[in-house]
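Text of the file final28.txt, holding compact mmCIF, C-alpha atoms:
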# COMPACT_ATOMS: atom_id res chain seq x y z
CA MET T 11 -6.18 34.30 28.28
CA LYS T 12 -4.93 36.28 25.37
CA GLY T 13 -1.45 34.91 25.95
CA ARG T 14 -2.67 31.34 26.09
CA ALA T 15 -4.70 31.75 22.95
CA ALA T 16 -1.72 33.21 21.16
CA MET T 17 0.42 30.32 22.37
CA LYS T 18 -2.13 27.82 21.07
CA THR T 19 -2.17 29.53 17.72
CA LYS T 20 1.59 29.49 17.64
CA ILE T 21 1.72 25.79 18.39
CA ALA T 22 -0.87 25.09 15.73
CA ILE T 23 1.09 27.04 13.16
CA LEU T 24 4.25 25.29 14.26
CA ALA T 25 2.56 21.94 13.84
CA LEU T 26 1.44 22.79 10.34
CA ALA T 27 4.79 24.17 9.35
CA LEU T 28 6.78 21.32 10.75
CA ALA T 29 4.52 18.50 9.72
CA ALA T 30 5.99 18.91 6.27
CA ALA T 31 9.49 18.66 7.67
CA LEU T 32 9.05 15.19 9.06
CA PRO T 33 9.66 12.14 6.95
CA ALA T 34 7.22 12.68 4.21
CA GLN T 35 4.13 14.53 5.28
CA ALA T 36 3.04 11.66 7.39
CA GLY T 37 -0.46 11.59 8.65
CA ARG T 38 -2.13 13.41 5.85
CA PRO T 39 -5.83 12.85 6.26
CA CYS T 40 -7.55 10.38 3.97
CA GLU T 41 -7.57 11.64 0.45
CA THR T 42 -10.74 11.41 -1.56
CA GLN T 43 -9.28 12.55 -4.84
CA PRO T 44 -9.53 9.76 -7.42
CA PRO T 45 -6.36 8.85 -9.31
CA THR T 46 -5.76 9.92 -12.88
CA THR T 47 -6.02 7.49 -15.77
CA GLN T 48 -2.26 7.70 -16.19
CA ALA T 49 -1.64 6.92 -12.51
CA VAL T 50 -3.79 3.78 -12.77
CA GLU T 51 -2.04 2.72 -15.96
CA ARG T 52 1.45 3.31 -14.58
CA GLY T 53 0.75 1.67 -11.22
CA MET T 54 -0.69 -1.41 -12.88
CA THR T 55 2.19 -1.54 -15.36
CA LEU T 56 4.71 -1.40 -12.51
CA ALA T 57 2.78 -4.18 -10.77
CA GLN T 58 2.96 -6.27 -13.93
CA ALA T 59 6.69 -5.63 -14.39
CA THR T 60 7.32 -6.49 -10.74
CA ALA T 61 5.38 -9.75 -11.06
CA ARG T 62 7.54 -10.70 -14.03
CA ALA T 63 10.76 -9.83 -12.18
CA LEU T 64 9.63 -11.79 -9.12
CA ASP T 65 8.78 -14.77 -11.34
CA ALA T 66 12.19 -14.54 -12.99
CA SER T 67 13.91 -14.57 -9.58
CA GLY T 68 12.58 -18.06 -8.92
CA ALA T 69 11.71 -17.00 -5.37
CA GLN T 70 8.49 -17.80 -3.53
CA VAL T 71 8.97 -15.10 -0.89
CA ALA T 72 10.70 -11.73 -1.15
CA VAL T 73 10.86 -8.49 0.78
CA LEU T 74 9.26 -5.94 -1.57
CA ALA T 75 9.61 -2.15 -1.32
CA ARG T 76 7.92 0.84 -2.89
CA ALA T 77 8.82 4.50 -3.08
CA GLY T 78 5.66 6.09 -1.75
CA GLN T 79 7.45 9.16 -0.49
CA ASP T 80 10.57 11.13 -1.19
CA LEU T 81 12.84 10.42 1.76
CA SER T 82 16.03 11.46 -0.01
CA LYS T 83 16.73 14.17 2.55
CA TYR T 84 17.13 11.38 5.06
CA GLY T 85 19.35 9.45 2.68
CA LEU T 86 16.60 6.88 2.17
CA ARG T 87 15.45 5.48 -1.14
CA TRP T 88 12.38 3.45 -0.18
CA SER T 89 9.46 4.23 2.09
CA HIS T 90 7.52 1.05 2.76
CA LEU T 91 7.92 -2.70 2.55
CA GLY T 92 5.88 -5.85 2.67
CA PHE T 93 6.33 -9.56 2.07
CA ALA T 94 5.57 -10.61 -1.49
CA TYR T 95 4.79 -14.29 -1.86
CA LYS T 96 3.33 -16.63 -4.41
CA GLY T 97 -0.25 -17.13 -3.35
CA GLY T 98 -2.22 -20.36 -3.05
CA ASP T 99 -3.36 -22.41 -5.99
CA ASP T 100 -3.47 -19.62 -8.52
CA GLY T 101 0.27 -18.90 -8.23
CA ARG T 102 -0.38 -15.16 -8.15
CA TRP T 103 1.81 -12.81 -6.19
CA ARG T 104 0.31 -11.37 -3.04
CA VAL T 105 1.71 -8.83 -0.64
CA VAL T 106 1.13 -8.99 3.11
CA HIS T 107 1.86 -5.66 4.73
CA LYS T 108 0.79 -3.31 7.47
CA LEU T 109 -1.11 -0.12 6.69
CA ASN T 110 -1.85 2.87 8.85
CA HIS T 111 -5.41 4.17 8.67
CA CYS T 112 -5.77 7.68 7.40
CA GLY T 113 -3.22 9.24 9.70
CA THR T 114 -4.76 7.76 12.85
CA ALA T 115 -2.82 6.00 15.59
CA GLN T 116 -4.02 2.57 14.43
CA ALA T 117 -2.88 0.15 11.74
CA ALA T 118 -3.93 -3.23 10.38
CA LEU T 119 -2.51 -6.02 8.26
CA TYR T 120 -3.63 -6.45 4.67
CA ARG T 121 -3.14 -8.99 1.95
CA GLN T 122 -3.17 -7.26 -1.41
CA GLY T 123 -2.25 -7.74 -5.02
CA LEU T 124 0.77 -6.08 -6.57
CA GLY T 125 -1.72 -3.73 -8.25
CA GLU T 126 -2.98 -2.29 -4.98
CA PHE T 127 0.57 -2.14 -3.64
CA PHE T 128 1.69 0.17 -6.43
CA LEU T 129 -1.50 2.13 -7.08
CA ASP T 130 -0.97 4.46 -4.21
CA ASN T 131 0.24 7.47 -6.12
CA PRO T 132 3.89 6.64 -5.51
CA GLN T 133 6.58 9.23 -5.54
CA ARG T 134 8.52 7.17 -8.07
CA TYR T 135 7.26 4.29 -10.22
CA GLU T 136 9.99 1.97 -9.00
CA ALA T 137 10.12 -1.17 -6.93
CA ALA T 138 12.88 -3.16 -5.29
CA PHE T 139 12.89 -6.61 -3.83
CA VAL T 140 15.22 -9.02 -2.09
CA PRO T 141 14.36 -12.73 -2.26
CA LEU T 142 14.87 -14.39 1.08
CA THR T 143 17.16 -17.40 1.38
CA PRO T 144 15.45 -20.75 0.71
CA GLU T 145 15.43 -21.52 4.45
CA ALA T 146 13.86 -18.19 5.32
CA GLN T 147 11.31 -18.56 2.52
CA ALA T 148 10.32 -22.00 3.78
CA ALA T 149 9.87 -20.69 7.31
CA LEU T 150 7.89 -17.61 6.34
CA LEU T 151 5.63 -18.93 3.58
CA PRO T 152 3.21 -20.87 5.84
CA LEU T 153 2.81 -17.78 8.05
CA LEU T 154 1.99 -15.53 5.12
CA ARG T 155 -0.84 -17.83 4.11
CA ASP T 156 -2.23 -18.06 7.64
CA ASN T 157 -4.11 -15.00 8.88
CA ALA T 158 -3.75 -15.85 12.56
CA ALA T 159 -0.09 -16.76 12.36
CA VAL T 160 0.91 -13.71 10.38
CA ALA T 161 -0.79 -11.45 12.93
CA ARG T 162 0.81 -13.06 15.98
CA LEU T 163 3.38 -10.28 16.47
CA HIS T 164 1.18 -7.47 15.11
CA GLU T 165 0.56 -4.49 17.40
CA PRO T 166 -2.21 -2.21 16.14
CA ARG T 167 -0.95 0.88 17.99
CA TYR T 168 0.92 2.67 15.27
CA ASN T 169 3.65 5.26 15.29
CA MET T 170 5.42 5.93 12.05
CA VAL T 171 8.70 6.54 13.84
CA ALA T 172 8.31 3.78 16.44
CA TYR T 173 11.44 2.94 18.39
CA PRO T 174 12.67 -0.47 17.17
CA TRP T 175 13.45 -1.76 20.66
CA ALA T 176 10.20 -0.85 22.42
CA LEU T 177 6.77 -2.50 22.55
CA GLN T 178 4.53 0.55 22.87
CA TYR T 179 3.95 0.98 19.13
CA GLN T 180 4.79 -0.83 15.93
CA GLN T 181 5.25 0.66 12.47
CA SER T 182 4.88 -1.23 9.21
CA ASN T 183 8.48 -2.17 8.51
CA GLN T 184 8.94 -3.09 12.16
CA TRP T 185 6.05 -5.55 11.99
CA ALA T 186 7.73 -7.17 8.98
CA ILE T 187 11.12 -7.80 10.59
CA GLU T 188 9.61 -8.89 13.90
CA THR T 189 7.44 -11.35 11.97
CA LEU T 190 10.49 -12.57 10.09
CA ALA T 191 12.20 -13.09 13.46
CA GLY T 192 9.18 -15.04 14.71
CA ALA T 193 9.29 -17.26 11.62
CA LEU T 194 13.02 -17.98 11.84
CA GLU T 195 13.50 -18.30 15.59
CA PRO T 196 11.12 -20.72 17.33
CA GLY T 197 11.84 -19.00 20.64
CA ALA T 198 10.73 -15.60 19.33
CA THR T 199 7.14 -16.02 20.44
CA THR T 200 6.69 -12.45 21.68
CA ARG T 201 7.63 -9.07 20.27
CA ALA T 202 10.24 -8.64 22.99
CA ARG T 203 11.92 -11.91 22.06
CA ALA T 204 11.69 -11.11 18.36
CA GLN T 205 13.47 -7.82 19.04
CA GLN T 206 16.15 -9.61 21.04
CA TRP T 207 16.73 -11.93 18.10
CA LEU T 208 16.92 -8.97 15.70
CA GLN T 209 19.57 -7.38 17.90
CA PHE T 210 21.43 -10.67 18.13
CA LYS T 211 21.33 -10.93 14.34
CA GLY T 212 22.80 -7.46 14.01
CA TYR T 213 19.82 -5.46 12.75
CA GLU T 214 20.62 -1.73 12.95
CA PRO T 215 17.86 0.87 12.54
CA THR T 216 18.23 4.16 10.71
CA THR T 217 18.89 7.20 12.87
CA LEU T 218 16.83 10.20 11.80
CA ARG T 219 18.06 13.59 12.98
CA LEU T 220 14.89 15.28 14.15
CA GLY T 221 15.26 18.49 16.13
CA THR T 222 13.08 19.58 19.02
CA PHE T 223 10.80 21.80 16.94
CA THR T 224 10.24 19.14 14.33
CA ARG T 225 9.36 16.63 17.02
CA LEU T 226 7.05 19.03 18.81
CA GLY T 227 5.30 20.02 15.60
CA ALA T 228 4.79 16.45 14.54
CA ARG T 229 3.56 15.34 17.93
CA VAL T 230 1.03 18.14 18.15
CA GLY T 231 -0.16 17.86 14.57
CA MET T 232 -0.21 14.13 13.86
CA ALA T 233 -1.89 11.26 15.64
CA ASN T 234 0.39 8.69 14.06
CA VAL T 235 3.63 10.19 15.29
CA ALA T 236 4.94 9.75 18.81
CA PHE T 237 8.31 9.95 20.48
CA ASP T 238 7.48 8.77 23.98
CA ASP T 239 8.71 5.26 23.21
CA HIS T 240 12.21 6.54 22.47
CA PRO T 241 14.79 6.64 25.28
CA ASN T 242 15.21 10.19 26.60
CA GLU T 243 18.95 10.28 26.04
CA LYS T 244 18.48 9.62 22.33
CA ARG T 245 15.33 11.67 21.91
CA PHE T 246 16.82 14.80 23.48
CA ALA T 247 19.96 14.34 21.42
CA ASP T 248 17.70 14.58 18.33
CA ARG T 249 18.44 10.96 17.46
CA ILE T 250 15.28 9.14 16.42
CA GLU T 251 15.90 5.53 15.54
CA THR T 252 13.33 3.63 13.51
CA VAL T 253 13.00 0.72 11.09
CA THR T 254 13.44 1.79 7.45
CA VAL T 255 13.38 -0.21 4.24
CA ASP T 256 16.93 0.78 3.41
CA SER T 257 18.20 -0.46 6.77
CA VAL T 258 16.29 -3.73 6.36
CA PHE T 259 17.72 -4.34 2.89
CA ALA T 260 21.25 -3.72 4.18
CA TRP T 261 20.68 -6.03 7.14
CA LEU T 262 19.21 -8.89 5.06
CA GLY T 263 22.44 -9.00 3.10
CA ARG T 264 24.67 -8.63 6.16
CA ALA T 265 22.84 -11.30 8.14
CA GLY T 266 22.77 -13.76 5.26
CA LEU T 267 18.96 -13.80 5.17
CA GLY T 268 18.54 -12.30 1.70
CA GLU T 269 19.72 -13.47 -1.71
CA GLY T 270 21.98 -10.75 -3.03
CA ALA T 271 21.48 -7.03 -3.62
CA PRO T 272 17.97 -5.63 -4.15
CA THR T 273 16.56 -6.17 -7.64
CA MET T 274 15.22 -2.93 -9.06
CA VAL T 275 12.13 -2.61 -11.23
CA ARG T 276 11.54 0.67 -13.06
CA LEU T 277 9.07 1.79 -15.68
CA MET S 2 -8.58 -10.15 -25.07
CA SER S 3 -11.72 -11.50 -26.67
CA ILE S 4 -15.19 -10.55 -25.64
CA GLN S 5 -15.84 -14.19 -24.84
CA SER S 6 -13.00 -14.46 -22.37
CA LEU S 7 -13.98 -11.18 -20.83
CA MET S 8 -17.51 -12.41 -20.41
CA ALA S 9 -16.26 -15.70 -19.05
CA ALA S 10 -14.66 -13.83 -16.24
CA VAL S 11 -17.91 -12.50 -14.86
CA ALA S 12 -17.79 -14.77 -11.86
CA LEU S 13 -14.58 -13.30 -10.66
CA VAL S 14 -14.95 -10.74 -8.00
CA VAL S 15 -12.23 -8.30 -7.31
CA SER S 16 -13.37 -7.01 -4.01
CA LEU S 17 -12.00 -3.74 -2.93
CA ASN S 18 -12.89 -2.32 0.38
CA LEU S 19 -14.62 0.80 -0.79
CA ALA S 20 -16.23 1.63 2.49
CA ALA S 21 -13.10 1.82 4.57
CA PRO S 22 -10.09 2.47 2.43
CA ALA S 23 -6.80 2.45 4.24
CA ARG S 24 -5.68 5.80 3.04
CA ALA S 25 -2.79 7.76 4.37
CA HIS S 26 0.77 8.55 3.65
CA THR S 27 3.23 7.84 6.33
CA SER S 28 6.88 7.18 6.18
CA PRO S 29 9.30 5.67 7.02
CA SER S 30 6.50 3.20 7.32
CA GLU S 31 3.65 4.35 5.21
CA ALA S 32 0.23 3.30 4.24
CA SER S 33 -2.68 2.97 1.98
CA ALA S 34 -4.14 2.08 -1.38
CA ALA S 35 -5.44 4.54 -3.91
CA LEU S 36 -7.22 1.78 -5.72
CA SER S 37 -9.46 1.55 -2.71
CA LEU S 38 -10.95 4.70 -4.12
CA LEU S 39 -11.30 3.20 -7.56
CA PRO S 40 -14.25 0.88 -8.14
CA VAL S 41 -13.26 -2.28 -9.97
CA ALA S 42 -15.84 -3.87 -12.23
CA VAL S 43 -16.75 -7.44 -11.44
CA SER S 44 -18.33 -8.09 -14.79
CA VAL S 45 -19.01 -6.48 -18.11
CA ALA S 46 -21.83 -6.95 -20.55
CA ALA S 47 -20.47 -4.34 -22.84
CA PRO S 48 -18.78 -5.56 -26.00
CA VAL S 49 -18.72 -1.95 -27.02
CA LEU S 50 -16.06 -1.32 -24.41
CA VAL S 51 -13.70 -3.92 -25.71
CA VAL S 52 -11.81 -1.78 -28.12
CA GLY S 53 -8.34 -0.42 -28.33
CA GLY S 54 -7.48 3.20 -27.75
CA ALA S 55 -10.04 5.45 -26.11
CA SER S 56 -13.79 5.72 -26.62
CA ALA S 57 -16.14 8.45 -25.54
CA MET S 58 -19.22 7.20 -23.67
CA THR S 59 -22.10 8.64 -21.73
CA VAL S 60 -23.66 7.16 -18.60
CA VAL S 61 -27.32 6.68 -19.56
CA ALA S 62 -28.55 4.69 -16.55
CA VAL S 63 -27.45 3.59 -13.09
CA HIS S 64 -29.19 0.65 -11.43
CA ALA S 65 -28.50 -0.08 -7.80
CA SER S 66 -29.63 -3.28 -6.12
CA ALA S 67 -28.64 -5.59 -3.31
CA ALA S 68 -26.45 -7.40 -5.81
CA GLY S 69 -24.46 -4.29 -6.63
CA THR S 70 -24.50 -1.48 -9.14
CA GLU S 71 -24.90 -1.52 -12.90
CA TRP S 72 -23.87 1.35 -15.13
CA VAL S 73 -25.32 1.46 -18.62
CA LEU S 74 -22.97 3.25 -21.01
CA GLU S 75 -23.71 4.50 -24.49
CA ARG S 76 -21.01 5.10 -27.05
CA VAL S 77 -21.21 8.64 -28.32
CA SER S 78 -20.23 7.86 -31.91
CA ASP S 79 -22.95 5.31 -32.71
CA GLY S 80 -25.26 4.98 -29.71
CA VAL S 81 -24.30 1.35 -28.99
CA ARG S 82 -24.88 0.44 -25.35
CA GLY S 83 -23.27 -1.86 -22.84
CA SER S 84 -23.20 -2.28 -19.10
CA VAL S 85 -20.64 -2.61 -16.35
CA HIS S 86 -21.34 -4.24 -12.99
CA PHE S 87 -19.78 -3.47 -9.64
CA ALA S 88 -20.06 -5.09 -6.25
CA GLY S 89 -21.54 -2.67 -3.75
CA HIS S 90 -22.70 0.87 -4.25
CA VAL S 91 -20.78 2.79 -6.90
CA SER S 92 -22.30 6.12 -7.73
CA THR S 93 -22.05 8.23 -10.84
CA GLY S 94 -24.35 10.76 -12.42
CA ILE S 95 -26.58 10.05 -15.39
CA GLY S 96 -25.25 12.02 -18.32
CA THR S 97 -21.65 11.84 -17.11
CA ALA S 98 -19.20 11.86 -20.02
CA VAL S 99 -16.87 8.91 -19.63
CA VAL S 100 -13.74 8.03 -21.57
CA VAL S 101 -12.87 4.35 -21.73
CA SER S 102 -9.14 3.89 -22.24
CA ALA S 103 -7.58 0.52 -23.05
CA VAL S 104 -4.41 -0.24 -21.06
CA SER S 105 -2.38 -3.46 -20.90
CA THR S 106 -4.14 -4.62 -17.74
CA GLY S 107 -7.70 -3.65 -18.64
CA TRP S 108 -9.77 -0.54 -19.22
CA VAL S 109 -9.77 2.67 -17.23
CA LEU S 110 -13.04 4.61 -17.10
CA SER S 111 -12.40 8.27 -16.50
CA ALA S 112 -14.45 11.43 -16.19
CA ALA S 113 -12.86 14.86 -16.44
CA GLY S 114 -9.41 13.31 -16.44
CA GLN S 115 -9.90 11.34 -13.24
CA ALA S 116 -10.27 7.60 -13.10
CA ILE S 117 -13.71 6.61 -11.82
CA ALA S 118 -13.54 2.85 -12.37
CA PHE S 119 -11.33 0.07 -13.63
CA ILE S 120 -12.28 -3.00 -15.64
CA PRO S 121 -9.45 -5.51 -15.30
CA ASN S 122 -8.66 -7.98 -18.04
CA GLU S 123 -7.08 -11.32 -17.24
CA LEU S 124 -3.68 -9.74 -16.62
CA GLY S 125 -5.18 -7.06 -14.42
CA ARG S 126 -7.21 -9.50 -12.34
CA ALA S 127 -4.07 -11.45 -11.53
CA LEU S 128 -2.62 -8.29 -9.99
CA LEU S 129 -5.59 -7.30 -7.85
CA HIS S 130 -6.61 -8.57 -4.45
CA ASN S 131 -7.65 -6.68 -1.34
CA GLU S 132 -8.20 -8.38 1.96
CA ARG S 133 -7.99 -6.98 5.44
CA ILE S 134 -6.32 -9.53 7.73
CA THR S 135 -6.73 -7.87 11.12
CA ARG S 136 -9.43 -5.63 12.51
If you convert what's in this file into structure tokens, what do you get?
Amino acid sequence: MKGRAAMKTKIAILALALAAALPAQAGRPCETQPPTTQAVERGMTLAQATARALDASGAQVAVLARAGQDLSKYGLRWSHLGFAYKGGDDGRWRVVHKLNHCGTAQAALYRQGLGEFFLDNPQRYEAAFVPLTPEAQAALLPLLRDNAAVARLHEPRYNMVAYPWALQYQQSNQWAIETLAGALEPGATTRARAQQWLQFKGYEPTTLRLGTFTRLGARVGMANVAFDDHPNEKRFADRIETVTVDSVFAWLGRAGLGEGAPTMVRL
Amino acid sequence: MSIQSLMAAVALVVSLNLAAPARAHTSPSEASAALSLLPVAVSVAAPVLVVGGASAMTVVAVHASAAGTEWVLERVSDGVRGSVHFAGHVSTGIGTAVVVSAVSTGWVLSAAGQAIAFIPNELGRALLHNERITR
């Protein structure tokens, strides 16, 4: 009994220690600390600057990223993306994106303003966006305005490092590119078909190098991290593939779906 | 922004989901919205607030009803009062010292350095929207 208890303690300590080693302290419980006045001011100012830059681009739909976390040790600049689009009659920018709930294993789709998008205590007050091509904008815009259509390929079971070519879970960036696939390819009516189209179009996920102890710690300590959707040969070779903003930006350019390099907005 | 245009905006409701904020940090696909924790005023009957810079206020009354919550604020320097309305239940303590700071998108109400509410102006309202699409 003593041995088992000690083992449990060890695993718990391991989980705590290694949780911080994963991409960005994922799965922190819900914070109840209100933001500072300066954080509100800066977030809203970034939202305003981003709205101006989006207006200046002439686009109606763009892939918009924020830097919520420091992922530089993985060679990544951005942490989360959504679709920014010009909303209904008021012409205001809205963002449709997928959010994980307080470190749980569930996520939902939200439509928010640019204010909410950037008021999340970001790691850097910077944004980047890539306008989609006119054809892609025209295909996606009706979906973004339609709650049922935009949720068609949404899977609520969430795993922040979901494997891009599996159906078990779906992380936020993955929902976005699968939804883009569904908008552009009439035959992509299921997640499986959307993923086939993404492969056909040359999407390549980021490979994170996550060792055994990091994986074990994360799995034990965080409800929103799982590795059981990854193929064993990759998982046990410490190769965790997942959909990242940086890989999506690179792919949009490569596949001819985005208009040019990402536009940066900084305070 | 004039008091008149601020008052004209009373009908606008910036509804933030205060009860169930999506709050977490996850990457490479992350989450959340800090503003979910920050009550946004739906209307203001407080010309006293519409000033530049920062003003020191005190919460002198809090009225909760089915229609929402009203905070009555009193400016420390001259005792002038005004009120701020929120949708839903937004608590604060009577006697709380509040600083109202003007920013380009509205006014931030803070207590002890932490933002406790936001009053958007026209620019700010255009940037705020919170709607959950799926359950």
* Structure fact -> A straight line from atom CA of T:Gln133 to atom CA of T:Ala75 spans 12.5 Å
* Structure fact -> Here atom CA of S:Leu39 and atom CA of S:Pro121 stand apart by 11.8 Å
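Residues surrounding S:Val99 within 12 Å are Thr47 of chain T; Leu50, Ala55, Ser56, Ala57, Met58, Thr59, Val60, Val61, Trp72, Val73, Leu74, Glu75, Arg76, Val77, Thr93, Trp108, Val109, Leu110, Ser111, Ala112, Ala113, Gly114, Gln115, Ala116, Ile117 and Ala118 of chain S [only C-alpha atoms; sequence separation below 6 positions excluded].
Atom CA of T:Thr254 lies 22.2 Å from atom CA of T:Gly123.
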* To do: Specify as a PyMOL selection string all residues of chain T found within 8 Å of chain S, counting all atoms listed in the file.
  => chain T and resi 33-42+44-47+50-51+54-55+57-58+78-79+81+89-91+102-104+108-113+118-131+157+161+170-171+181-183+252-255
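Among the candidates S:Ala98, S:Val85, S:Ile120, S:Ala42, the one nearest to S:His64 when counting all atoms listed in the file is S:Val85.
Counting all atoms listed in the file, the residue from T:Tyr95, T:Tyr173, T:Phe210, T:Phe139 that sits nearest to T:Leu153 is T:Tyr95.
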Filtering to N, CA and C atoms, could stretch 182-198 of chain T of the supplied structure be written out as an mmCIF file, in the first residue's frame?
data_model
loop_
_atom_site.group_PDB
_atom_site.id
_atom_site.type_symbol
_atom_site.label_atom_id
_atom_site.label_comp_id
_atom_site.auth_asym_id
_atom_site.auth_seq_id
_atom_site.Cartn_x
_atom_site.Cartn_y
_atom_site.Cartn_z
ATOM 1 N N SER T 182 -9.203 23.488 -31.701
ATOM 2 C CA SER T 182 -9.779 24.705 -32.283
ATOM 3 C C SER T 182 -9.331 24.975 -33.719
ATOM 4 N N ASN T 183 -8.032 24.891 -33.930
ATOM 5 C CA ASN T 183 -7.510 25.197 -35.269
ATOM 6 C C ASN T 183 -7.939 24.129 -36.268
ATOM 7 N N GLN T 184 -8.092 22.926 -35.758
ATOM 8 C CA GLN T 184 -8.517 21.796 -36.594
ATOM 9 C C GLN T 184 -9.960 21.997 -37.064
ATOM 10 N N TRP T 185 -10.812 22.458 -36.150
ATOM 11 C CA TRP T 185 -12.191 22.765 -36.553
ATOM 12 C C TRP T 185 -12.182 23.773 -37.703
ATOM 13 N N ALA T 186 -11.316 24.775 -37.591
ATOM 14 C CA ALA T 186 -11.297 25.849 -38.596
ATOM 15 C C ALA T 186 -10.923 25.307 -39.975
ATOM 16 N N ILE T 187 -9.881 24.498 -40.067
ATOM 17 C CA ILE T 187 -9.480 24.061 -41.416
ATOM 18 C C ILE T 187 -10.430 22.991 -41.960
ATOM 19 N N GLU T 188 -11.011 22.187 -41.073
ATOM 20 C CA GLU T 188 -12.002 21.219 -41.558
ATOM 21 C C GLU T 188 -13.247 21.958 -42.076
ATOM 22 N N THR T 189 -13.605 23.035 -41.385
ATOM 23 C CA THR T 189 -14.759 23.830 -41.820
ATOM 24 C C THR T 189 -14.454 24.528 -43.144
ATOM 25 N N LEU T 190 -13.231 24.990 -43.284
ATOM 26 C CA LEU T 190 -12.821 25.589 -44.564
ATOM 27 C C LEU T 190 -12.925 24.549 -45.681
ATOM 28 N N ALA T 191 -12.484 23.328 -45.380
ATOM 29 C CA ALA T 191 -12.584 22.243 -46.370
ATOM 30 C C ALA T 191 -14.038 22.005 -46.749
ATOM 31 N N GLY T 192 -14.910 21.969 -45.735
ATOM 32 C CA GLY T 192 -16.333 21.744 -45.985
ATOM 33 C C GLY T 192 -16.952 22.838 -46.842
ATOM 34 N N ALA T 193 -16.441 24.076 -46.675
ATOM 35 C CA ALA T 193 -16.980 25.198 -47.458
ATOM 36 C C ALA T 193 -16.503 25.133 -48.905
ATOM 37 N N LEU T 194 -15.273 24.685 -49.099
ATOM 38 C CA LEU T 194 -14.671 24.741 -50.442
ATOM 39 C C LEU T 194 -14.921 23.491 -51.266
ATOM 40 N N GLU T 195 -15.127 22.358 -50.598
ATOM 41 C CA GLU T 195 -15.311 21.106 -51.332
ATOM 42 C C GLU T 195 -16.712 20.552 -51.031
ATOM 43 N N PRO T 196 -17.599 20.618 -52.006
ATOM 44 C CA PRO T 196 -18.978 20.163 -51.759
ATOM 45 C C PRO T 196 -19.049 18.717 -51.260
ATOM 46 N N GLY T 197 -18.057 17.910 -51.650
ATOM 47 C CA GLY T 197 -18.068 16.513 -51.224
ATOM 48 C C GLY T 197 -17.601 16.308 -49.791
ATOM 49 N N ALA T 198 -17.037 17.340 -49.189
ATOM 50 C CA ALA T 198 -16.504 17.200 -47.825
ATOM 51 C C ALA T 198 -17.621 17.407 -46.807
#
